[in-house]
$ cat my_file_1.cif   # mmCIF, C-alpha atoms
data_query
#
loop_
_atom_site.group_PDB
_atom_site.id
_atom_site.type_symbol
_atom_site.label_atom_id
_atom_site.label_comp_id
_atom_site.auth_asym_id
_atom_site.auth_seq_id
_atom_site.Cartn_x
_atom_site.Cartn_y
_atom_site.Cartn_z
ATOM 1 C CA MET F 1 171.444 107.760 87.783
ATOM 2 C CA SER F 2 169.919 107.080 84.369
ATOM 3 C CA ASP F 3 167.463 109.477 82.782
ATOM 4 C CA THR F 4 164.687 106.977 83.467
ATOM 5 C CA THR F 5 165.576 106.830 87.171
ATOM 6 C CA VAL F 6 165.602 110.627 87.400
ATOM 7 C CA LEU F 7 162.193 110.813 85.703
ATOM 8 C CA THR F 8 160.722 108.246 88.088
ATOM 9 C CA ALA F 9 161.815 110.342 91.082
ATOM 10 C CA LEU F 10 159.951 113.432 89.894
ATOM 11 C CA PRO F 11 156.406 114.427 90.960
ATOM 12 C CA GLN F 12 154.120 113.006 88.278
ATOM 13 C CA THR F 13 153.009 116.298 86.678
ATOM 14 C CA GLN F 14 156.606 117.492 86.445
ATOM 15 C CA ARG F 15 157.625 114.063 85.158
ATOM 16 C CA LEU F 16 155.058 114.297 82.372
ATOM 17 C CA MET F 17 156.194 117.792 81.370
ATOM 18 C CA THR F 18 159.838 116.647 81.395
ATOM 19 C CA ILE F 19 158.956 113.705 79.140
ATOM 20 C CA MET F 20 157.198 116.095 76.767
ATOM 21 C CA GLN F 21 160.241 118.383 76.675
ATOM 22 C CA ALA F 22 162.430 115.376 75.831
ATOM 23 C CA LEU F 23 160.078 114.294 73.055
ATOM 24 C CA ARG F 24 160.254 117.794 71.530
ATOM 25 C CA ASP F 25 164.011 118.190 71.942
ATOM 26 C CA PRO F 26 165.290 119.495 68.561
ATOM 27 C CA VAL F 27 168.311 117.173 68.639
ATOM 28 C CA SER F 28 167.459 114.013 70.570
ATOM 29 C CA GLY F 29 163.660 114.121 70.532
ATOM 30 C CA CYS F 30 161.177 111.996 68.613
ATOM 31 C CA PRO F 31 160.942 113.050 64.932
ATOM 32 C CA TRP F 32 157.150 112.707 64.947
ATOM 33 C CA ASP F 33 156.627 114.757 68.110
ATOM 34 C CA ARG F 34 159.081 117.445 66.966
ATOM 35 C CA LYS F 35 157.195 118.192 63.763
ATOM 36 C CA GLN F 36 153.758 118.567 65.372
ATOM 37 C CA THR F 37 152.029 121.951 65.598
ATOM 38 C CA PHE F 38 148.927 123.294 67.342
ATOM 39 C CA GLU F 39 146.936 122.521 64.209
ATOM 40 C CA THR F 40 148.207 119.000 63.582
ATOM 41 C CA ILE F 41 147.405 117.643 67.034
ATOM 42 C CA VAL F 42 143.820 118.950 67.138
ATOM 43 C CA PRO F 43 142.410 115.718 65.589
ATOM 44 C CA TYR F 44 144.191 113.658 68.267
ATOM 45 C CA THR F 45 142.778 115.892 71.010
ATOM 46 C CA LEU F 46 139.245 115.401 69.703
ATOM 47 C CA GLU F 47 139.825 111.651 69.429
ATOM 48 C CA GLU F 48 141.073 111.452 73.015
ATOM 49 C CA ALA F 49 138.104 113.481 74.289
ATOM 50 C CA TYR F 50 135.708 111.084 72.561
ATOM 51 C CA GLU F 51 137.533 108.096 74.013
ATOM 52 C CA VAL F 52 137.086 109.604 77.486
ATOM 53 C CA ALA F 53 133.360 110.016 76.811
ATOM 54 C CA ASP F 54 133.160 106.470 75.453
ATOM 55 C CA ALA F 55 134.801 104.962 78.536
ATOM 56 C CA ILE F 56 132.421 106.883 80.819
ATOM 57 C CA GLU F 57 129.341 105.814 78.845
ATOM 58 C CA ARG F 58 130.478 102.183 78.991
ATOM 59 C CA GLY F 59 131.175 102.472 82.728
ATOM 60 C CA ASP F 60 134.732 101.259 82.116
ATOM 61 C CA PHE F 61 136.531 103.205 84.839
ATOM 62 C CA LYS F 62 139.727 101.197 84.519
ATOM 63 C CA GLU F 63 139.916 102.279 80.888
ATOM 64 C CA LEU F 64 138.848 105.829 81.827
ATOM 65 C CA HIS F 65 141.918 106.148 84.035
ATOM 66 C CA GLY F 66 144.189 105.717 81.034
ATOM 67 C CA GLU F 67 142.035 107.776 78.663
ATOM 68 C CA LEU F 68 142.124 110.749 81.032
ATOM 69 C CA GLY F 69 145.904 110.453 81.039
ATOM 70 C CA ASP F 70 145.919 110.539 77.241
ATOM 71 C CA LEU F 71 143.731 113.653 77.301
ATOM 72 C CA LEU F 72 145.975 115.327 79.875
ATOM 73 C CA PHE F 73 148.945 114.598 77.629
ATOM 74 C CA GLN F 74 147.261 116.614 74.886
ATOM 75 C CA VAL F 75 147.151 119.643 77.217
ATOM 76 C CA ILE F 76 150.824 119.109 78.074
ATOM 77 C CA PHE F 77 151.598 118.919 74.341
ATOM 78 C CA TYR F 78 149.897 122.266 73.668
ATOM 79 C CA ALA F 79 151.633 123.780 76.695
ATOM 80 C CA GLN F 80 155.048 122.677 75.424
ATOM 81 C CA ILE F 81 154.472 124.133 71.953
ATOM 82 C CA GLY F 82 153.136 127.315 73.535
ATOM 83 C CA GLN F 83 156.237 127.594 75.704
ATOM 84 C CA GLU F 84 158.550 127.033 72.730
ATOM 85 C CA GLU F 85 156.786 129.827 70.829
ATOM 86 C CA GLY F 86 156.815 132.166 73.822
ATOM 87 C CA ARG F 87 153.002 132.235 74.058
ATOM 88 C CA PHE F 88 152.193 130.426 77.318
ATOM 89 C CA ASP F 89 153.208 127.421 79.415
ATOM 90 C CA PHE F 90 151.504 124.890 81.654
ATOM 91 C CA GLU F 91 151.669 127.177 84.693
ATOM 92 C CA SER F 92 149.983 130.041 82.858
ATOM 93 C CA ILE F 93 147.308 127.636 81.588
ATOM 94 C CA ALA F 94 146.610 126.521 85.152
ATOM 95 C CA GLU F 95 146.600 130.148 86.323
ATOM 96 C CA LYS F 96 144.146 131.142 83.592
ATOM 97 C CA VAL F 97 141.617 128.437 84.407
ATOM 98 C CA SER F 98 142.006 129.010 88.171
ATOM 99 C CA ASP F 99 141.278 132.735 87.772
ATOM 100 C CA LYS F 100 138.265 131.914 85.598
ATOM 101 C CA LEU F 101 136.841 129.414 88.095
ATOM 102 C CA VAL F 102 137.198 131.840 90.998
ATOM 103 C CA SER F 103 135.585 134.629 88.961
ATOM 104 C CA ARG F 104 132.657 132.438 87.877
ATOM 105 C CA HIS F 105 131.967 131.175 91.414
ATOM 106 C CA PRO F 106 131.494 134.310 93.547
ATOM 107 C CA HIS F 107 129.130 132.299 95.775
ATOM 108 C CA VAL F 108 132.036 129.987 96.696
ATOM 109 C CA PHE F 109 135.037 132.322 96.628
ATOM 110 C CA GLY F 110 133.216 135.550 97.486
ATOM 111 C CA ASP F 111 130.241 136.832 99.427
ATOM 112 C CA LYS F 112 127.609 136.600 96.678
ATOM 113 C CA GLU F 113 124.569 134.409 97.325
ATOM 114 C CA PHE F 114 122.094 132.764 94.963
ATOM 115 C CA THR F 115 118.763 131.453 96.185
ATOM 116 C CA THR F 116 117.885 129.408 93.094
ATOM 117 C CA ASP F 117 119.679 127.389 90.436
ATOM 118 C CA GLU F 118 118.253 129.781 87.840
ATOM 119 C CA GLU F 119 119.978 132.766 89.485
ATOM 120 C CA LEU F 120 123.211 130.796 89.534
ATOM 121 C CA LYS F 121 122.937 129.874 85.842
ATOM 122 C CA LYS F 122 122.077 133.474 84.908
ATOM 123 C CA ASN F 123 125.144 134.784 86.717
ATOM 124 C CA TRP F 124 127.284 132.120 85.002
ATOM 125 C CA GLU F 125 126.063 133.202 81.560
ATOM 126 C CA GLN F 126 126.576 136.892 82.377
ATOM 127 C CA GLN F 127 130.131 136.190 83.487
ATOM 128 C CA LYS F 128 130.881 134.265 80.301
ATOM 129 C CA HIS F 129 129.335 137.015 78.160
ATOM 130 C CA GLN F 130 131.512 139.630 79.867
ATOM 131 C CA GLU F 131 134.566 137.444 79.295
ATOM 132 C CA ARG F 132 133.729 137.101 75.607
ATOM 133 C CA GLN F 133 133.415 140.866 75.257
ATOM 134 C CA GLY F 134 136.678 141.311 77.123
ATOM 135 C CA LYS F 135 138.479 139.086 74.633
ATOM 136 C CA ASP F 136 137.260 141.071 71.637
ATOM 137 C CA GLU F 137 135.285 144.316 71.704
ATOM 138 C CA SER F 138 133.616 143.280 68.447
ATOM 139 C CA ASN F 139 131.995 140.360 70.299
ATOM 140 C CA THR F 140 128.508 141.790 70.734
ATOM 141 C CA SER F 141 126.320 138.800 69.886
ATOM 142 C CA LEU F 142 125.253 136.117 72.334
ATOM 143 C CA LEU F 143 126.478 133.637 69.739
ATOM 144 C CA ASP F 144 130.018 135.010 69.598
ATOM 145 C CA ASP F 145 132.779 132.654 70.688
ATOM 146 C CA LEU F 146 130.842 129.450 70.038
ATOM 147 C CA PRO F 147 133.125 126.450 69.366
ATOM 148 C CA LYS F 148 132.524 126.094 65.619
ATOM 149 C CA HIS F 149 134.353 122.752 65.443
ATOM 150 C CA PHE F 150 131.919 121.098 67.853
ATOM 151 C CA PRO F 151 129.977 118.132 66.471
ATOM 152 C CA ALA F 152 126.848 119.556 64.839
ATOM 153 C CA LEU F 153 124.427 118.198 67.443
ATOM 154 C CA SER F 154 126.489 119.580 70.325
ATOM 155 C CA LEU F 155 126.881 122.946 68.587
ATOM 156 C CA ALA F 156 123.139 123.196 67.979
ATOM 157 C CA GLN F 157 122.352 122.323 71.590
ATOM 158 C CA LYS F 158 124.897 124.794 72.965
ATOM 159 C CA MET F 159 123.564 127.523 70.669
ATOM 160 C CA GLN F 160 119.962 126.881 71.705
ATOM 161 C CA LYS F 161 120.908 126.735 75.375
ATOM 162 C CA ARG F 162 122.724 130.053 75.221
ATOM 163 C CA VAL F 163 119.911 132.020 73.571
ATOM 164 C CA GLY F 164 117.299 130.159 75.614
ATOM 165 C CA ARG F 165 118.743 131.518 78.838
ATOM 166 C CA HIS F 166 118.010 134.998 77.532
ATOM 167 C CA GLY F 167 114.347 134.268 76.806
ATOM 168 C CA PHE F 168 114.560 133.185 73.166
ATOM 169 C CA ASP F 169 112.954 129.808 73.667
ATOM 170 C CA TRP F 170 109.761 127.801 73.544
ATOM 171 C CA PRO F 171 107.953 128.195 76.893
ATOM 172 C CA GLU F 172 106.564 124.648 76.722
ATOM 173 C CA VAL F 173 107.851 121.401 75.223
ATOM 174 C CA SER F 174 104.568 121.092 73.290
ATOM 175 C CA GLY F 175 105.666 124.004 71.105
ATOM 176 C CA VAL F 176 108.866 122.159 70.187
ATOM 177 C CA ILE F 177 106.923 119.028 69.264
ATOM 178 C CA GLU F 178 104.601 121.085 67.064
ATOM 179 C CA LYS F 179 107.671 122.595 65.400
ATOM 180 C CA ILE F 180 109.033 119.108 64.677
ATOM 181 C CA GLU F 181 105.725 118.115 63.111
ATOM 182 C CA GLU F 182 105.832 121.288 61.005
ATOM 183 C CA GLU F 183 109.367 120.498 59.851
ATOM 184 C CA ILE F 184 108.319 116.944 58.883
ATOM 185 C CA GLU F 185 105.522 118.339 56.709
ATOM 186 C CA GLU F 186 107.935 120.777 55.053
ATOM 187 C CA LEU F 187 110.350 117.913 54.416
ATOM 188 C CA LYS F 188 107.550 115.854 52.838
ATOM 189 C CA GLN F 189 106.770 118.771 50.538
ATOM 190 C CA ALA F 190 110.417 119.139 49.543
ATOM 191 C CA ILE F 191 110.551 115.404 48.760
ATOM 192 C CA ALA F 192 107.354 115.665 46.716
ATOM 193 C CA ASN F 193 108.934 118.532 44.741
ATOM 194 C CA ASN F 194 112.128 116.503 44.270
ATOM 195 C CA ASP F 195 114.055 119.597 45.386
ATOM 196 C CA GLN F 196 117.356 118.159 46.653
ATOM 197 C CA GLN F 197 118.694 121.452 47.975
ATOM 198 C CA ASN F 198 115.489 122.101 49.902
ATOM 199 C CA ILE F 199 115.436 118.496 51.140
ATOM 200 C CA GLU F 200 118.865 118.982 52.702
ATOM 201 C CA GLU F 201 117.765 122.256 54.294
ATOM 202 C CA GLU F 202 114.565 120.738 55.699
ATOM 203 C CA ILE F 203 116.414 117.724 57.105
ATOM 204 C CA GLY F 204 118.782 120.147 58.821
ATOM 205 C CA ASP F 205 115.838 122.086 60.249
ATOM 206 C CA LEU F 206 114.251 118.847 61.454
ATOM 207 C CA LEU F 207 117.468 117.733 63.173
ATOM 208 C CA PHE F 208 117.863 121.182 64.737
ATOM 209 C CA SER F 209 114.324 120.953 66.121
ATOM 210 C CA CYS F 210 114.967 117.436 67.445
ATOM 211 C CA VAL F 211 118.021 118.773 69.292
ATOM 212 C CA ASN F 212 115.776 121.467 70.747
ATOM 213 C CA LEU F 213 113.377 118.789 71.973
ATOM 214 C CA SER F 214 116.296 116.912 73.559
ATOM 215 C CA ARG F 215 117.383 120.059 75.374
ATOM 216 C CA HIS F 216 113.881 120.746 76.690
ATOM 217 C CA LEU F 217 113.701 117.177 77.966
ATOM 218 C CA LYS F 218 117.163 117.577 79.596
ATOM 219 C CA VAL F 219 118.750 114.996 77.290
ATOM 220 C CA ASP F 220 122.152 115.495 75.683
ATOM 221 C CA ALA F 221 121.461 115.028 71.975
ATOM 222 C CA GLU F 222 125.004 113.945 71.111
ATOM 223 C CA ALA F 223 125.100 111.323 73.874
ATOM 224 C CA ALA F 224 121.600 110.090 73.027
ATOM 225 C CA LEU F 225 122.480 109.573 69.366
ATOM 226 C CA ARG F 226 125.737 107.806 70.266
ATOM 227 C CA LYS F 227 123.799 105.426 72.522
ATOM 228 C CA SER F 228 121.278 104.760 69.757
ATOM 229 C CA ALA F 229 124.117 104.091 67.313
ATOM 230 C CA ARG F 230 125.683 101.628 69.763
ATOM 231 C CA LYS F 231 122.311 99.954 70.302
ATOM 232 C CA PHE F 232 121.929 99.576 66.541
ATOM 233 C CA GLU F 233 125.446 98.144 66.284
ATOM 234 C CA SER F 234 124.749 95.604 69.034
ATOM 235 C CA ARG F 235 121.492 94.501 67.433
ATOM 236 C CA PHE F 236 122.985 94.341 63.961
ATOM 237 C CA ARG F 237 125.795 92.099 65.199
ATOM 238 C CA LYS F 238 123.171 89.831 66.777
ATOM 239 C CA LEU F 239 121.288 89.851 63.486
ATOM 240 C CA GLU F 240 124.430 88.685 61.692
ATOM 241 C CA ASP F 241 124.786 85.849 64.221
ATOM 242 C CA TYR F 242 121.089 85.003 63.837
ATOM 243 C CA LEU F 243 121.481 84.763 60.063
ATOM 244 C CA ALA F 244 124.739 82.809 60.294
ATOM 245 C CA GLU F 245 122.984 80.159 62.406
ATOM 246 C CA ARG F 246 120.593 79.763 59.465
ATOM 247 C CA LYS F 247 123.451 79.716 56.947
ATOM 248 C CA LEU F 248 122.480 83.154 55.674
ATOM 249 C CA THR F 249 124.193 86.523 55.391
ATOM 250 C CA VAL F 250 122.844 90.038 55.218
ATOM 251 C CA ASP F 251 123.462 89.971 51.469
ATOM 252 C CA SER F 252 121.846 86.584 50.830
ATOM 253 C CA ALA F 253 118.798 86.956 53.095
ATOM 254 C CA THR F 254 115.530 88.241 51.703
ATOM 255 C CA LEU F 255 113.959 91.425 53.052
ATOM 256 C CA GLU F 256 111.368 89.273 54.835
ATOM 257 C CA GLN F 257 114.101 87.174 56.468
ATOM 258 C CA LEU F 258 115.982 90.309 57.518
ATOM 259 C CA ASP F 259 112.836 91.794 59.038
ATOM 260 C CA LYS F 260 112.034 88.570 60.880
ATOM 261 C CA GLY F 261 115.594 88.338 62.180
ATOM 262 C CA TRP F 262 115.612 91.974 63.271
ATOM 263 C CA CYS F 263 112.369 91.516 65.206
ATOM 264 C CA ALA F 264 113.852 88.403 66.838
ATOM 265 C CA VAL F 265 117.067 90.039 68.012
ATOM 266 C CA LYS F 266 115.179 93.034 69.382
ATOM 267 C CA GLN F 267 113.544 90.645 71.843
ATOM 268 C CA LEU F 268 116.918 89.394 73.162
#

$ encode --input "my_file_1.cif" --output "C-alpha cells"
Amino acid sequence: MSDTTVLTALPQTQRLMTIMQALRDPVSGCPWDRKQTFETIVPYTLEEAYEVADAIERGDFKELHGELGDLLFQVIFYAQIGQEEGRFDFESIAEKVSDKLVSRHPHVFGDKEFTTDEELKKNWEQQKHQERQGKDESNTSLLDDLPKHFPALSLAQKMQKRVGRHGFDWPEVSGVIEKIEEEIEELKQAIANNDQQNIEEEIGDLLFSCVNLSRHLKVDAEAALRKSARKFESRFRKLEDYLAERKLTVDSATLEQLDKGWCAVKQL
C-alpha cells in the first residue's frame, strides 16, 4: 500500500500526528515545517484562534469545522516539537489537561457540592491560584501567570475579573460609570495642557475603565469591539457604494456629503 493509503486507514488523531511527523522528518519532510520552532509558530496559532472566533461570530459553522481543524493542527505542531526536544508529547498534553479538568471539577468527579454559581466560581479561582503557586513558589500575587500576550482588552478584562472575585471591585455599575466620567475629564485636561504623554496615559485609563464597564454588564469587551469594527466596515462599504452611485468617492466628496451619506446608510 502507498503511504497515502496507510494514512487513510489510521484513526484520524493518529493520522494527523503521523502527517505532522512526516512534515518534520529531517530528511524527507517539508523544509518550511522542519525549520519552525515554538516561537515561530506562535503568530500562526493566534491567527487560527482568531479565525475560529470569527467563524463563530459570523455563525458560519461550515467554516468553523475547518478552522477548528487548523487550530488543532497547531497543538499537534507544538506536541511534535516538544516530543523531538524530549519535553512532552501529545499524550502528555492530553493527560495534563485531563488531570486539570478533574481537579477543577470536584463537584463532577468527586463528592464536593456547591449550592450557588458564586461558590463554584470561588472554588475555580482558588484551584487556579493553588496551581499557579505550585508552578512557581515566587507566584504570590493574584496577577501572577496572566497571559501577557493577550490582546489588551482581553488582558484588562481578565485582570479585572481575577481581582474582582477577591473583592477588589466596584459594588455597583454606577461607580464604574462615574469613573469613566472622571477619566474623560482628566483626558480633557491633558488635551488642554497639550501633554502628549499624559494624553496617552489618560486614554489608556479611559479604555481600562470602559473594559471594566463591559465586564460589569457581562459583555466581552474584545468581542464587542470586534463587532463594532465589523459594523463600521459594513456601513463604510455601503457609504462607498452610496457615493459611487452619485459619481463621488470618499476623497472627492465634501464633509457635508459624507455626513449625509453616512446618515443614509445607517438607516439601511

$ residues_around --input "my_file_1.cif" --residues "region 249-265 of chain F" --least-positions-apart "6" --cutoff "9 Å" --atoms "all atoms listed in the file" --output "list in words"
Arg235, Phe236, Lys238, Leu239, Glu240, Asp241, Tyr242 and Leu243 of chain F

$ write_last_selection --input "my_file_1.cif" --atoms "C-alpha atoms" --output "PDB file, in the frame of the given file"
ATOM      1  CA  ARG F 235     121.492  94.501  67.433  1.00  0.00           C
ATOM      2  CA  PHE F 236     122.985  94.341  63.961  1.00  0.00           C
ATOM      3  CA  LYS F 238     123.171  89.831  66.777  1.00  0.00           C
ATOM      4  CA  LEU F 239     121.288  89.851  63.486  1.00  0.00           C
ATOM      5  CA  GLU F 240     124.430  88.685  61.692  1.00  0.00           C
ATOM      6  CA  ASP F 241     124.786  85.849  64.221  1.00  0.00           C
ATOM      7  CA  TYR F 242     121.089  85.003  63.837  1.00  0.00           C
ATOM      8  CA  LEU F 243     121.481  84.763  60.063  1.00  0.00           C
TER       9      LEU F 243
END

$ atom_distance --input "my_file_1.cif" --atom1 "CA of Leu206 (chain F)" --atom2 "CA of Ala224 (chain F)"
16.3 Å

$ atom_distance --input "my_file_1.cif" --atom1 "CA of Lys112 (chain F)" --atom2 "CA of Thr140 (chain F)"
26.5 Å

$ resolve_selection --input "my_file_1.cif" --expression "the PyMOL selection byres ((chain F and resi 21) around 12)" --output "PyMOL selection string"
chain F and resi 7+14-20+22-30+33-34+73+76-84+89-90

$ residues_around --input "my_file_1.cif" --residues "Glu51 (chain F)" --least-positions-apart "5" --cutoff "9 Å" --atoms "only C-alpha atoms" --output "list in words"
Leu46, Ile56, Leu64, Glu67, Leu68 and Leu71 of chain F

$ residues_around --input "my_file_1.cif" --residues "Leu143 (chain F)" --least-positions-apart "4" --cutoff "8 Å" --atoms "only C-alpha atoms" --output "compact mmCIF listing (two decimals) with C-alpha atoms, in the frame of the given file"
# COMPACT_ATOMS: atom_id res chain seq x y z
CA MET F 159 123.56 127.52 70.67
CA ARG F 162 122.72 130.05 75.22
CA VAL F 163 119.91 132.02 73.57

$ closest_residue --input "my_file_1.cif" --among "F:Val42, F:Val211, F:Ala223, F:Ile184" --to "Glu57 (chain F)" --atoms "all atoms listed in the file"
F:Ala223

$ closest_residue --input "my_file_1.cif" --among "F:Pro31, F:Pro151, F:Gly110, F:Asn193" --to "Ala221 (chain F)" --atoms "all atoms listed in the file"
F:Pro151

$ residues_around --input "my_file_1.cif" --residues "Gly167 (chain F)" --least-positions-apart "5" --cutoff "12 Å" --atoms "all atoms listed in the file" --output "VMD selection string"
chain F and resid 122 142 160 to 162

$ resolve_selection --input "my_file_1.cif" --expression "the PyMOL selection byres ((chain F and resi 105) around 12)" --output "list in words"
Ser98, Asp99, Lys100, Leu101, Val102, Ser103, Arg104, Pro106, His107, Val108, Phe109, Gly110, Asp111, Lys112, Glu113, Phe114, Leu120, Lys121, Asn123, Trp124, Glu125, Gln126, Gln127 and Lys128 of chain F

$ closest_residue --input "my_file_1.cif" --among "F:Lys247, F:Arg237, F:Lys227, F:Lys96" --to "Ala53 (chain F)" --atoms "only C-alpha atoms"
F:Lys227

$ atom_distance --input "my_file_1.cif" --atom1 "CA of Thr13 (chain F)" --atom2 "CA of Arg58 (chain F)"
27.7 Å

$ closest_residue --input "my_file_1.cif" --among "F:Ser174, F:Ser154, F:Gln189, F:Thr40" --to "Leu225 (chain F)" --atoms "all atoms listed in the file"
F:Ser154
